[in-house]
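As stored in protein_1.txt (compact mmCIF, C-alpha atoms):
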```
# COMPACT_ATOMS: atom_id res chain seq x y z
CA MET A 25 0.00 0.00 0.00
CA ASP A 26 1.15 3.54 -0.79
CA ALA A 27 0.95 5.58 2.39
CA ASP A 28 1.42 8.62 0.16
CA ASP A 29 -1.94 8.03 -1.54
CA PRO A 30 -4.57 10.50 -0.22
CA ASP A 31 -7.34 7.97 -0.81
CA TYR A 32 -5.47 5.34 1.19
CA ARG A 33 -4.83 7.77 4.02
CA ALA A 34 -8.45 8.91 4.04
CA ARG A 35 -9.73 5.33 4.18
CA THR A 36 -7.28 4.12 6.82
CA LEU A 37 -6.91 7.43 8.73
CA THR A 38 -3.15 6.91 8.83
CA GLY A 39 -0.53 9.61 8.36
CA CYS A 40 -3.13 12.37 8.44
CA VAL A 41 -5.22 14.53 10.74
CA PRO A 42 -8.44 12.47 10.99
CA PRO A 43 -11.93 14.00 10.86
CA LEU A 44 -12.76 13.59 14.56
CA PHE A 45 -9.50 15.30 15.42
CA VAL A 46 -10.29 18.15 13.04
CA ALA A 47 -13.69 18.56 14.70
CA ARG A 48 -11.99 18.64 18.08
CA LEU A 49 -9.54 21.31 16.95
CA LEU A 50 -12.40 23.46 15.72
CA GLY A 51 -14.35 22.84 18.92
CA LEU A 52 -11.38 24.04 20.95
CA GLY A 53 -11.05 27.19 18.88
CA HIS A 54 -8.03 26.22 16.76
CA GLU A 55 -9.57 27.39 13.51
CA ARG A 56 -6.38 29.04 12.27
CA GLU A 57 -4.50 25.74 12.62
CA VAL A 58 -7.14 23.93 10.57
CA GLU A 59 -6.90 26.62 7.91
CA PHE A 60 -3.11 26.32 7.81
CA GLN A 61 -3.15 22.52 7.55
CA ALA A 62 -5.75 22.70 4.77
CA GLY A 63 -3.10 24.32 2.62
CA PRO A 64 -0.24 21.82 2.83
CA GLY A 65 -2.31 18.75 1.99
CA GLU A 66 -4.37 17.60 4.95
CA TRP A 67 -7.54 16.41 3.28
CA PHE A 68 -9.88 16.41 6.27
CA CYS A 69 -8.66 19.87 7.29
CA ALA A 70 -9.22 21.08 3.74
CA LEU A 71 -12.69 19.54 3.65
CA GLU A 72 -13.84 21.12 6.91
CA TRP A 73 -12.26 24.47 6.07
CA ALA A 74 -14.01 24.51 2.71
CA ARG A 75 -17.33 23.72 4.40
CA LEU A 76 -16.81 26.51 6.92
CA LEU A 77 -16.05 28.99 4.16
CA GLY A 78 -19.11 27.86 2.26
CA CYS A 79 -21.33 28.30 5.32
CA ARG A 80 -20.01 31.84 5.60
CA GLY A 81 -21.26 32.69 2.14
CA ARG A 82 -17.94 32.54 0.34
CA ARG A 83 -18.14 30.53 -2.87
CA GLU A 84 -14.86 30.88 -4.70
CA GLN A 85 -12.56 30.25 -1.75
CA PRO A 86 -13.86 26.79 -0.78
CA LEU A 87 -13.57 25.62 -4.38
CA GLU A 88 -9.99 26.88 -4.46
CA VAL A 89 -9.19 25.01 -1.25
CA LEU A 90 -10.41 21.75 -2.79
CA ALA A 91 -9.06 22.37 -6.31
CA PRO A 92 -5.59 20.81 -5.79
CA TYR A 93 -7.20 17.59 -4.54
CA VAL A 94 -9.66 17.52 -7.43
CA ALA A 95 -6.73 17.96 -9.83
CA THR A 96 -5.37 14.58 -8.70
CA ASN A 97 -8.55 12.99 -10.16
CA TRP A 98 -9.62 11.76 -6.74
CA TRP A 99 -13.35 11.13 -6.60
CA GLN A 100 -13.85 12.10 -2.94
CA ALA A 101 -12.51 15.57 -3.67
CA ALA A 102 -14.71 15.96 -6.75
CA ARG A 103 -17.69 14.83 -4.71
CA ALA A 104 -16.95 17.40 -2.01
CA GLN A 105 -16.93 20.16 -4.62
CA ALA A 106 -20.18 18.87 -6.08
CA GLU A 107 -21.83 18.83 -2.66
CA LEU A 108 -20.80 22.42 -2.08
CA ARG A 109 -22.32 23.49 -5.40
CA GLU A 110 -25.51 21.58 -4.72
CA GLY A 111 -25.77 23.25 -1.32
CA TRP A 112 -25.60 26.62 -3.08
CA GLY A 113 -28.50 25.65 -5.33
CA LEU A 114 -26.27 24.91 -8.33
CA ALA A 115 -27.33 21.32 -9.01
CA GLU A 116 -26.54 21.46 -12.74
CA GLU A 117 -23.00 22.69 -12.09
CA ALA A 118 -22.60 19.92 -9.53
CA ILE A 119 -23.65 17.16 -11.93
CA GLY A 120 -21.35 17.98 -14.85
CA PRO A 121 -17.91 17.29 -13.31
CA CYS A 122 -19.08 13.87 -12.03
CA GLY A 123 -19.49 12.42 -15.51
CA PRO A 124 -15.87 11.34 -16.17
CA TYR A 125 -15.76 9.38 -12.91
CA VAL A 126 -18.92 7.50 -13.83
CA GLU A 127 -17.55 6.75 -17.29
CA ALA A 128 -14.42 5.36 -15.62
CA GLY A 129 -16.58 2.85 -13.74
CA ASP A 130 -16.53 4.41 -10.27
CA ARG A 131 -19.61 2.98 -8.52
CA LEU A 132 -19.47 5.61 -5.78
CA ALA A 133 -19.60 8.31 -8.41
CA LEU A 134 -22.51 6.59 -10.15
CA ASP A 135 -24.41 6.37 -6.87
CA PHE A 136 -23.83 10.06 -6.21
CA LEU A 137 -24.64 11.14 -9.76
CA ALA A 138 -27.93 9.22 -9.63
CA ARG A 139 -29.04 10.40 -6.20
CA LEU A 140 -28.25 14.05 -6.93
CA PRO A 141 -30.87 14.58 -9.69
CA ALA A 142 -33.31 12.39 -7.73
CA ARG A 143 -33.12 14.95 -4.93
CA HIS A 144 -34.15 17.62 -7.43
CA GLY A 145 -37.23 16.01 -8.96
CA ARG A 146 -35.48 14.03 -11.69
CA GLY A 147 -36.07 10.54 -10.34
CA ASP A 148 -36.67 8.97 -13.76
CA GLU A 149 -33.22 10.05 -14.90
CA ALA A 150 -31.68 8.60 -11.76
CA PHE A 151 -33.53 5.31 -12.19
CA MET A 152 -32.27 4.90 -15.75
CA LEU A 153 -28.71 5.53 -14.64
CA LEU A 154 -28.84 2.80 -12.01
CA ARG A 155 -30.91 0.02 -13.54
CA ALA A 156 -27.97 -1.44 -15.46
CA GLY A 157 -26.14 -1.98 -12.15
CA ILE A 158 -28.85 -4.15 -10.62
CA ARG A 159 -26.41 -7.02 -9.94
CA ASP A 160 -24.28 -4.82 -7.68
CA TRP A 161 -25.71 -4.84 -4.13
CA PHE A 162 -24.62 -1.26 -3.49
CA LEU A 163 -26.16 0.13 -6.66
CA ALA A 164 -29.26 -2.01 -6.15
CA GLU A 165 -29.81 -0.28 -2.80
CA SER A 166 -29.48 3.07 -4.54
CA LEU A 167 -31.96 1.96 -7.21
CA VAL A 168 -34.57 1.07 -4.59
CA ASP A 169 -34.08 4.41 -2.85
CA VAL A 170 -34.49 6.51 -6.00
CA ALA A 171 -37.39 4.37 -7.21
CA GLU A 172 -39.53 5.72 -4.39
CA ALA A 173 -38.87 9.32 -5.43
CA ALA A 174 -39.30 8.47 -9.11
CA GLY A 175 -42.56 6.57 -8.65
CA THR A 176 -40.99 3.52 -10.29
CA ASP A 177 -41.35 1.02 -7.45
CA GLU A 178 -42.98 -1.61 -9.64
CA ALA A 179 -40.25 -1.39 -12.27
CA ALA A 180 -37.59 -1.79 -9.58
CA ALA A 181 -39.50 -4.70 -8.06
CA ALA A 182 -39.61 -6.43 -11.44
CA LEU A 183 -35.85 -6.10 -11.84
CA LEU A 184 -35.25 -7.54 -8.36
CA ALA A 185 -37.77 -10.35 -8.78
CA ALA A 186 -35.96 -11.39 -11.94
CA ARG A 187 -32.69 -11.52 -10.02
CA VAL A 188 -34.27 -13.64 -7.29
CA GLU A 189 -35.63 -16.07 -9.88
CA ALA A 190 -32.23 -16.20 -11.59
CA ALA A 191 -30.46 -17.29 -8.40
CA ALA A 192 -28.30 -20.30 -9.20
CA PRO A 193 -27.32 -23.19 -6.90
CA ALA A 194 -23.71 -22.91 -5.69
CA GLY A 195 -22.29 -25.47 -3.28
CA GLY A 196 -25.68 -26.38 -1.89
CA ASP A 197 -26.76 -22.75 -1.46
CA LEU A 198 -28.33 -20.28 -3.82
CA ARG A 199 -26.01 -17.68 -5.27
CA MET A 200 -27.97 -14.50 -5.78
CA GLU A 201 -26.74 -11.32 -7.42
CA PRO A 202 -27.24 -8.98 -5.76
CA PHE A 203 -27.16 -10.90 -2.49
CA ASN A 204 -29.61 -8.44 -0.91
CA ALA A 205 -32.25 -8.78 -3.64
CA VAL A 206 -34.83 -10.41 -1.34
CA GLY A 207 -34.49 -7.75 1.33
CA LEU A 208 -34.71 -4.92 -1.19
CA LEU A 209 -37.75 -6.45 -2.88
CA ALA A 210 -39.40 -6.85 0.53
CA ALA A 211 -38.69 -3.18 1.29
CA ILE A 212 -40.52 -2.16 -1.88
CA ARG A 213 -43.47 -4.41 -1.08
CA GLU A 214 -43.68 -2.96 2.41
CA ARG A 215 -43.86 0.63 1.23
CA GLN A 216 -46.45 -0.44 -1.34
CA GLY A 217 -48.56 -1.70 1.55
CA ARG A 218 -48.18 -5.35 0.51
CA ILE A 219 -47.09 -6.43 3.98
CA GLU A 220 -47.93 -10.13 3.67
CA GLU A 221 -45.77 -10.43 0.56
CA ALA A 222 -42.91 -8.64 2.30
CA ILE A 223 -43.11 -10.96 5.30
CA ALA A 224 -43.23 -14.06 3.10
CA LEU A 225 -40.18 -12.86 1.19
CA LEU A 226 -38.16 -12.21 4.33
CA HIS A 227 -38.89 -15.67 5.64
CA THR A 228 -36.96 -17.04 2.63
CA ARG A 229 -33.67 -15.27 3.46
CA GLU A 230 -30.54 -17.19 4.31
CA THR A 231 -28.81 -14.21 5.94
CA THR A 232 -31.26 -12.73 8.41
CA SER A 233 -29.33 -9.91 10.07
CA VAL A 234 -27.10 -7.09 8.84
CA ASN A 235 -25.16 -4.86 11.23
CA GLY A 236 -27.09 -6.15 14.21
CA ARG A 237 -30.52 -5.41 12.73
CA ASP A 238 -33.07 -7.89 11.44
CA GLN A 239 -35.30 -6.56 8.67
CA LEU A 240 -38.17 -8.94 9.39
CA ALA A 241 -38.13 -8.07 13.09
CA ASP A 242 -38.14 -4.36 12.24
CA LEU A 243 -41.03 -4.84 9.82
CA LEU A 244 -43.15 -6.77 12.32
CA ALA A 245 -42.39 -4.24 15.05
CA GLY A 246 -43.16 -1.30 12.79
CA HIS A 247 -46.60 -2.68 11.98
CA GLY A 248 -47.47 -3.67 15.52
CA ARG A 249 -47.53 -7.40 14.82
CA ILE A 250 -46.19 -8.32 18.23
CA THR A 251 -47.54 -11.88 18.34
CA GLU A 252 -45.68 -12.72 15.13
CA LEU A 253 -42.60 -10.91 16.40
CA ARG A 254 -42.65 -13.03 19.57
CA ALA A 255 -42.84 -16.20 17.52
CA TYR A 256 -40.03 -15.10 15.23
CA ALA A 257 -37.87 -13.97 18.17
CA ALA A 258 -38.11 -17.43 19.68
CA SER A 259 -36.53 -19.00 16.58
CA GLU A 260 -34.04 -16.34 15.42
CA PHE A 261 -30.59 -17.50 16.52
CA HIS A 262 -28.68 -14.23 16.74
CA GLY A 263 -30.97 -12.60 19.28
CA HIS A 264 -31.58 -9.54 17.13
CA ALA A 265 -35.30 -10.26 16.90
CA VAL A 266 -35.74 -10.62 20.65
CA ARG A 267 -33.80 -7.42 21.17
CA ARG A 268 -36.22 -5.66 18.80
CA LEU A 269 -39.12 -7.18 20.70
CA ALA A 270 -37.66 -5.86 23.96
CA GLU A 271 -37.28 -2.39 22.41
CA VAL A 272 -40.95 -2.33 21.41
CA LEU A 273 -42.15 -3.53 24.79
CA GLU A 274 -39.99 -0.99 26.60
CA GLU A 275 -41.26 1.80 24.35
CA ARG A 276 -44.81 0.76 25.30
CA GLY A 277 -43.98 1.05 28.97
CA ASP A 278 -43.74 -2.70 29.55
CA ALA A 279 -40.19 -2.91 30.86
CA GLU A 280 -41.00 -6.07 32.81
CA GLY A 281 -42.23 -7.76 29.65
CA ALA A 282 -39.03 -6.71 27.84
CA VAL A 283 -36.91 -8.16 30.65
CA ALA A 284 -38.91 -11.39 30.61
CA ALA A 285 -38.47 -11.78 26.85
CA CYS A 286 -34.70 -11.37 27.15
CA ARG A 287 -34.47 -13.74 30.09
CA ALA A 288 -36.46 -16.38 28.23
CA PHE A 289 -34.14 -16.15 25.23
CA GLY A 290 -31.11 -16.17 27.49
CA ALA A 291 -32.24 -19.46 28.97
CA THR A 292 -31.86 -21.19 25.59
CA PRO A 293 -28.56 -22.87 24.60
CA ASP A 294 -26.07 -20.13 23.73
CA GLY A 295 -28.81 -17.52 24.04
CA THR A 296 -27.23 -15.77 27.01
CA TRP A 297 -24.28 -14.67 24.84
CA HIS A 298 -26.59 -12.66 22.62
CA VAL A 299 -28.80 -10.90 25.16
CA ALA A 300 -26.82 -10.56 28.39
CA VAL A 301 -25.40 -7.09 27.66
CA PRO A 302 -28.61 -5.60 26.20
CA LEU A 303 -30.54 -7.13 29.11
CA SER A 304 -28.17 -5.53 31.60
CA GLU A 305 -28.58 -2.17 29.84
CA LEU A 306 -32.35 -2.56 29.95
CA LEU A 307 -32.25 -3.31 33.67
CA VAL A 308 -30.10 -0.23 34.30
CA ARG A 309 -32.57 1.97 32.43
CA ASP A 310 -35.32 0.49 34.60
CA GLY A 311 -33.40 1.39 37.76
CA ARG A 312 -32.37 -2.19 38.52
CA GLY A 313 -28.60 -1.86 38.51
CA ALA A 314 -28.04 -4.67 41.02
CA GLU A 315 -29.87 -7.14 38.76
CA ALA A 316 -27.87 -5.89 35.78
CA ILE A 317 -24.63 -6.69 37.60
CA GLU A 318 -25.87 -10.18 38.47
CA VAL A 319 -26.71 -10.85 34.80
CA LEU A 320 -23.15 -10.10 33.69
CA ARG A 321 -21.59 -11.83 36.68
CA ALA A 322 -23.52 -14.99 35.83
CA LEU A 323 -22.32 -14.81 32.23
CA VAL A 324 -18.67 -14.42 33.29
CA GLU A 325 -18.96 -17.30 35.74
CA ARG A 326 -20.65 -19.51 33.17
CA THR A 327 -18.55 -18.79 30.10
CA GLY A 328 -15.20 -17.63 31.44
CA ALA A 329 -13.37 -14.34 31.45
CA GLU A 330 -14.07 -13.06 27.94
CA ASP A 331 -12.57 -9.59 27.63
CA TRP A 332 -15.63 -7.79 26.30
CA ILE A 333 -17.93 -9.17 28.98
CA VAL A 334 -15.47 -8.42 31.78
CA ASP A 335 -15.06 -4.88 30.45
CA ALA A 336 -18.83 -4.38 30.43
CA LEU A 337 -19.09 -5.74 33.97
CA CYS A 338 -16.33 -3.48 35.26
CA ALA A 339 -17.93 -0.44 33.66
CA LEU A 340 -21.21 -1.40 35.30
CA TYR A 341 -19.60 -1.78 38.72
CA ALA A 342 -18.11 1.70 38.35
CA ASP A 343 -21.34 3.29 37.07
CA GLN A 344 -23.30 1.79 39.96
CA GLY A 345 -20.88 3.14 42.56
CA ARG A 346 -19.67 -0.34 43.49
CA SER A 347 -16.06 -0.09 42.30
CA ARG A 348 -14.70 -1.81 45.42
CA GLU A 349 -16.68 -4.99 44.73
CA GLY A 350 -15.33 -5.35 41.22
CA PRO A 351 -11.72 -6.30 42.03
CA GLU A 352 -12.91 -8.87 44.57
CA PHE A 353 -15.10 -10.60 42.00
CA LEU A 354 -12.38 -10.43 39.34
CA ALA A 355 -9.83 -11.91 41.74
CA ALA A 356 -12.13 -14.87 42.35
CA VAL A 357 -12.64 -15.44 38.63
CA GLU A 358 -8.92 -15.09 38.03
CA ALA A 359 -8.16 -17.69 40.71
CA ARG A 360 -10.52 -20.16 39.09
CA SER A 361 -9.08 -19.56 35.63
CA GLY A 362 -5.50 -20.02 36.83
CA ASP A 363 -4.37 -16.97 34.84
CA LYS A 364 -2.80 -15.02 37.69
CA GLU A 365 -0.43 -12.85 35.65
CA GLY A 366 -2.27 -12.21 32.39
CA TRP A 367 -2.45 -8.57 31.40
CA ASP A 368 -5.86 -8.65 29.74
CA PHE A 369 -7.52 -9.61 32.96
CA PHE A 370 -5.33 -7.40 35.12
CA ARG A 371 -6.03 -4.21 33.15
CA THR A 372 -9.76 -4.40 33.94
CA ARG A 373 -8.98 -3.61 37.56
CA LEU A 374 -7.27 -0.29 36.83
CA PRO A 375 -10.33 1.96 36.41
CA LEU A 376 -11.99 0.25 39.35
CA MET A 377 -8.97 0.91 41.56
CA ALA A 378 -8.87 4.51 40.40
CA GLY A 379 -12.56 4.82 41.20
CA CYS A 380 -11.83 3.64 44.74
CA GLY A 381 -9.14 6.31 45.22
CA LEU A 382 -6.33 3.81 44.69
CA LEU A 383 -4.84 5.37 41.58
CA ASP A 384 -1.26 5.50 42.85
CA GLU A 385 -1.46 1.86 43.88
CA ALA A 386 -2.80 0.99 40.43
CA ILE A 387 0.12 2.82 38.78
CA GLU A 388 2.62 0.96 40.92
CA ARG A 389 1.02 -2.39 40.15
CA VAL A 390 1.24 -1.67 36.42
CA ARG A 391 4.93 -0.84 36.70
CA THR A 392 5.70 -4.09 38.54
CA HIS A 393 3.50 -6.26 36.31
CA PRO A 394 5.43 -8.61 33.93
CA GLU A 395 3.79 -6.87 30.95
CA GLY A 396 3.82 -3.40 32.46
CA GLY A 397 6.50 -2.17 30.08
CA THR A 398 4.52 -2.92 26.90
CA TRP A 399 2.80 -0.40 24.64
CA TYR A 400 -0.64 -1.82 25.41
CA ALA A 401 -0.02 -1.46 29.15
CA ALA A 402 1.01 2.15 28.52
CA ARG A 403 -2.25 2.76 26.65
CA ALA A 404 -4.35 1.43 29.53
CA LEU A 405 -2.38 3.37 32.15
CA SER A 406 -2.58 6.55 30.09
CA GLY A 407 -6.35 6.27 30.00
CA VAL A 408 -6.60 5.93 33.76
CA LEU A 409 -4.26 8.88 34.31
CA ALA A 410 -6.16 11.07 31.85
CA ASP A 411 -9.49 10.24 33.50
CA ALA A 412 -7.94 11.30 36.80
CA GLY A 413 -6.89 14.66 35.33
CA ARG A 414 -3.18 13.81 35.27
CA THR A 415 -2.82 14.62 31.58
CA GLU A 416 0.91 15.40 31.60
CA GLU A 417 1.68 11.97 33.05
CA ALA A 418 -0.77 10.36 30.63
CA ALA A 419 1.12 11.87 27.69
CA THR A 420 4.53 10.96 29.11
CA VAL A 421 3.55 7.32 29.47
CA LEU A 422 2.64 7.10 25.78
CA GLU A 423 5.80 8.88 24.65
CA GLN A 424 7.78 5.89 25.90
CA HIS A 425 6.33 3.91 22.94
CA PRO A 426 6.44 6.34 19.99
CA ALA A 427 5.74 3.66 17.39
CA PHE A 428 2.26 2.98 18.80
CA ASP A 429 -0.98 4.81 19.54
CA GLY A 430 -0.19 7.98 17.61
CA SER A 431 -3.79 9.16 17.63
CA LEU A 432 -4.06 8.73 21.40
CA ARG A 433 -0.76 10.55 21.94
CA ALA A 434 -2.07 13.37 19.78
CA GLU A 435 -5.21 13.62 21.90
CA ARG A 436 -3.16 13.92 25.06
CA LEU A 437 -0.97 16.61 23.49
CA VAL A 438 -3.99 18.64 22.44
CA ASP A 439 -5.30 18.41 25.99
CA LEU A 440 -2.01 20.00 27.02
CA GLY A 441 -2.35 22.74 24.41
CA ARG A 442 0.49 21.38 22.27
CA VAL A 443 -1.44 21.39 19.00
CA GLY A 444 1.59 21.56 16.69
CA ASP A 445 3.22 18.58 18.40
CA ALA A 446 -0.04 16.65 18.15
CA ILE A 447 -0.29 17.16 14.40
CA ARG A 448 3.35 16.16 13.89
CA VAL A 449 2.63 12.90 15.70
CA LEU A 450 -0.33 12.19 13.43
CA GLN A 451 1.75 12.88 10.31
CA GLU A 452 4.69 10.66 11.33
CA VAL A 453 3.57 7.79 9.09
CA ARG A 454 3.95 10.02 6.05
CA THR A 455 7.31 11.44 6.99
CA LYS A 456 8.69 7.93 7.39
CA THR A 457 7.53 6.75 3.96
CA GLY A 458 9.05 9.37 1.69
CA PRO A 459 7.51 12.18 -0.37
CA THR A 460 4.02 13.12 0.71
CA CYS A 461 0.80 14.17 -0.90
CA ARG A 462 1.66 17.60 0.46
CA GLY A 463 4.62 17.68 -1.92
CA ARG A 464 2.54 16.59 -4.87
CA LEU A 465 -0.10 19.20 -4.12
CA LEU A 466 2.52 21.95 -3.85
CA LEU A 467 3.99 20.86 -7.17
CA HIS A 468 0.53 21.01 -8.70
CA ARG A 469 -0.01 24.52 -7.37
CA THR A 470 3.32 25.61 -8.81
CA ALA A 471 2.34 24.22 -12.19
CA VAL A 472 -1.01 26.02 -12.10
CA LEU A 473 0.57 29.35 -11.17
CA THR A 474 3.19 28.91 -13.89
CA ALA A 475 0.48 28.29 -16.46
CA ARG A 476 -1.46 31.34 -15.34
CA VAL A 477 1.46 33.71 -15.82
CA GLY A 478 2.50 32.12 -19.06
CA VAL A 479 5.99 31.00 -18.03
```

Target format structure tokens, applied to this file:
Amino acid sequence: MDADDPDYRARTLTGCVPPLFVARLLGLGHEREVEFQAGPGEWFCALEWARLLGCRGRREQPLEVLAPYVATNWWQAARAQAELREGWGLAEEAIGPCGPYVEAGDRLALDFLARLPARHGRGDEAFMLLRAGIRDWFLAESLVDVAEAAGTDEAAAALLAARVEAAAPAGGDLRMEPFNAVGLLAAIRERQGRIEEAIALLHTRETTSVNGRDQLADLLAGHGRITELRAYAASEFHGHAVRRLAEVLEERGDAEGAVAACRAFGATPDGTWHVAVPLSELLVRDGRGAEAIEVLRALVERTGAEDWIVDALCALYADQGRSREGPEFLAAVEARSGDKEGWDFFRTRLPLMAGCGLLDEAIERVRTHPEGGTWYAARALSGVLADAGRTEEAATVLEQHPAFDGSLRAERLVDLGRVGDAIRVLQEVRTKTGPTCRGRLLLHRTAVLTARVGV
């Protein structure tokens, strides 16, 4: 990978000032620093600075800020310029420059170019642009979205139905292109009011959940079909349906019913893995923190010291004002597991000890721990120190491992008011890999100026 590539840096957030950091700088009043960094080639600084200028009614300046990035033929920069123009009511001027990217086969550009006219009453045009990409799951989602605005739901449904029917057996399963055709077709049927068809379609899926959400559970919940949702929740393995059921019951004021549904699912084989944390969160919202702690304690005792569960339990102990009980429970679990020196388990005690007023003891125990000199131990200790307001020490701890946790070191430095040092830390990846995008952008600017004066 080329760490000098602005697209690579933007996707991986390496060797650059990332967007959350830019927002923090602006929030702390460091606008001039963001403006300065926008010049030498920091994309996210340039993007936010251009947006700020645009919000202030300046139109030429933001385009000039983005121009060097656009000149590298990078789609994200061209899109940013198009979004600015659209925001100014210049939709036609925004559309034109996107064409070459679409012709080059950039699916992100095609998605943008289709959605833009759809937002301005030209849904038919958008639909025609996208229909040829029906086999691509990403473009198929776009097609379904613009079909609603264009009034072409039935045409989109026909395209998707054809793809479902064309699904071919592959290794015992059906290979469907796009893979999300059933879900998209069901979405169209739902907004057409054909709920029974949508439900029947969703019952045929092989993949039921995406990003922790289950489309069938959401559909049943949205239409108040709680009896069917209960039945589906009892059979859906991942627990996403029962979590949706609990959400609906809680929204209706039936917190006890939501708790009962989660407990019932948790009693099934492997069910507790999927609902223990959401159940504990539900109990906390219902003012039953002690029960929430018992839910997570039972899971740790039953399944072992999985990091994410132990972390959730420790956070709960702290939030409930029971920090002193946490280390005692963890010590008992640690004794049963036989892992008396492992760092992963040890680190969970640090915030609890700090919460009990034992921060200095926690620091000393880290320093004497067999893994206390590692970069990951430094990260954990830095967090505890920062939470305690000892920011200088938190930064010093991280500086002992300069090859790791650059973004966290930068945060600590900003807390100390050392903004320039923070940005240099974030840019270290670039400086270690040779010429930077900053250099290329400066060369481009030089070429443009030379052309303007006729040299």

- Message: At a cut-off of 7 Å, using only C-alpha atoms, what residues contact A:Arg213? Leave out same-chain residues fewer than 6 positions from it and give the result as a PyMOL selection string.
- Response: chain A and resi 219+221-222

- Please identify all polymer residues within 12 Å of A:Asp148, counting all atoms listed in the file, omitting same-chain residues fewer than 4 positions from it, and present them as a PyMOL selection string. chain A and resi 138-144+152-155+167+170-177+179-180

- Message: What's around A:Tyr341 at 12 Å? Count all atoms listed in the file, leave out sequence neighbours fewer than 5 positions away in its own chain, and write the answer as a ChimeraX atom specification.
- Response: /A:304,308,313-318,320-321,334-336,346-354,372-373,375-377,379-380

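Compared by their closest atoms to A:Arg103, and using only C-alpha atoms, the residues A:Pro86, A:Gly290, A:Pro302, A:Pro121 rank with A:Pro121 nearest.
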
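If you measure from each of A:Leu450, A:Ala47, A:Met200, A:Val438 to A:Leu184 using only C-alpha atoms, the closest one turns out to be A:Met200.
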
- Message: Can you pull out the residues contacting A:Leu209? Cut-off 6 Å, using only C-alpha atoms, and skip same-chain residues under 3 positions away; I want them as an NGL selection string.
- Response: :A and (181 or 206 or 212)

- Spatial neighbours of stretch 397-406 of chain A, 9 Å, all atoms listed in the file, chain gap at least 3 places, as JSON, numbers by chain: {"A": [367, 371, 374, 386, 387, 390, 391, 392, 393, 394, 409, 410, 411, 414, 415, 417, 418, 419, 420, 421, 422, 424, 425, 426, 427, 428, 429, 432, 436]}
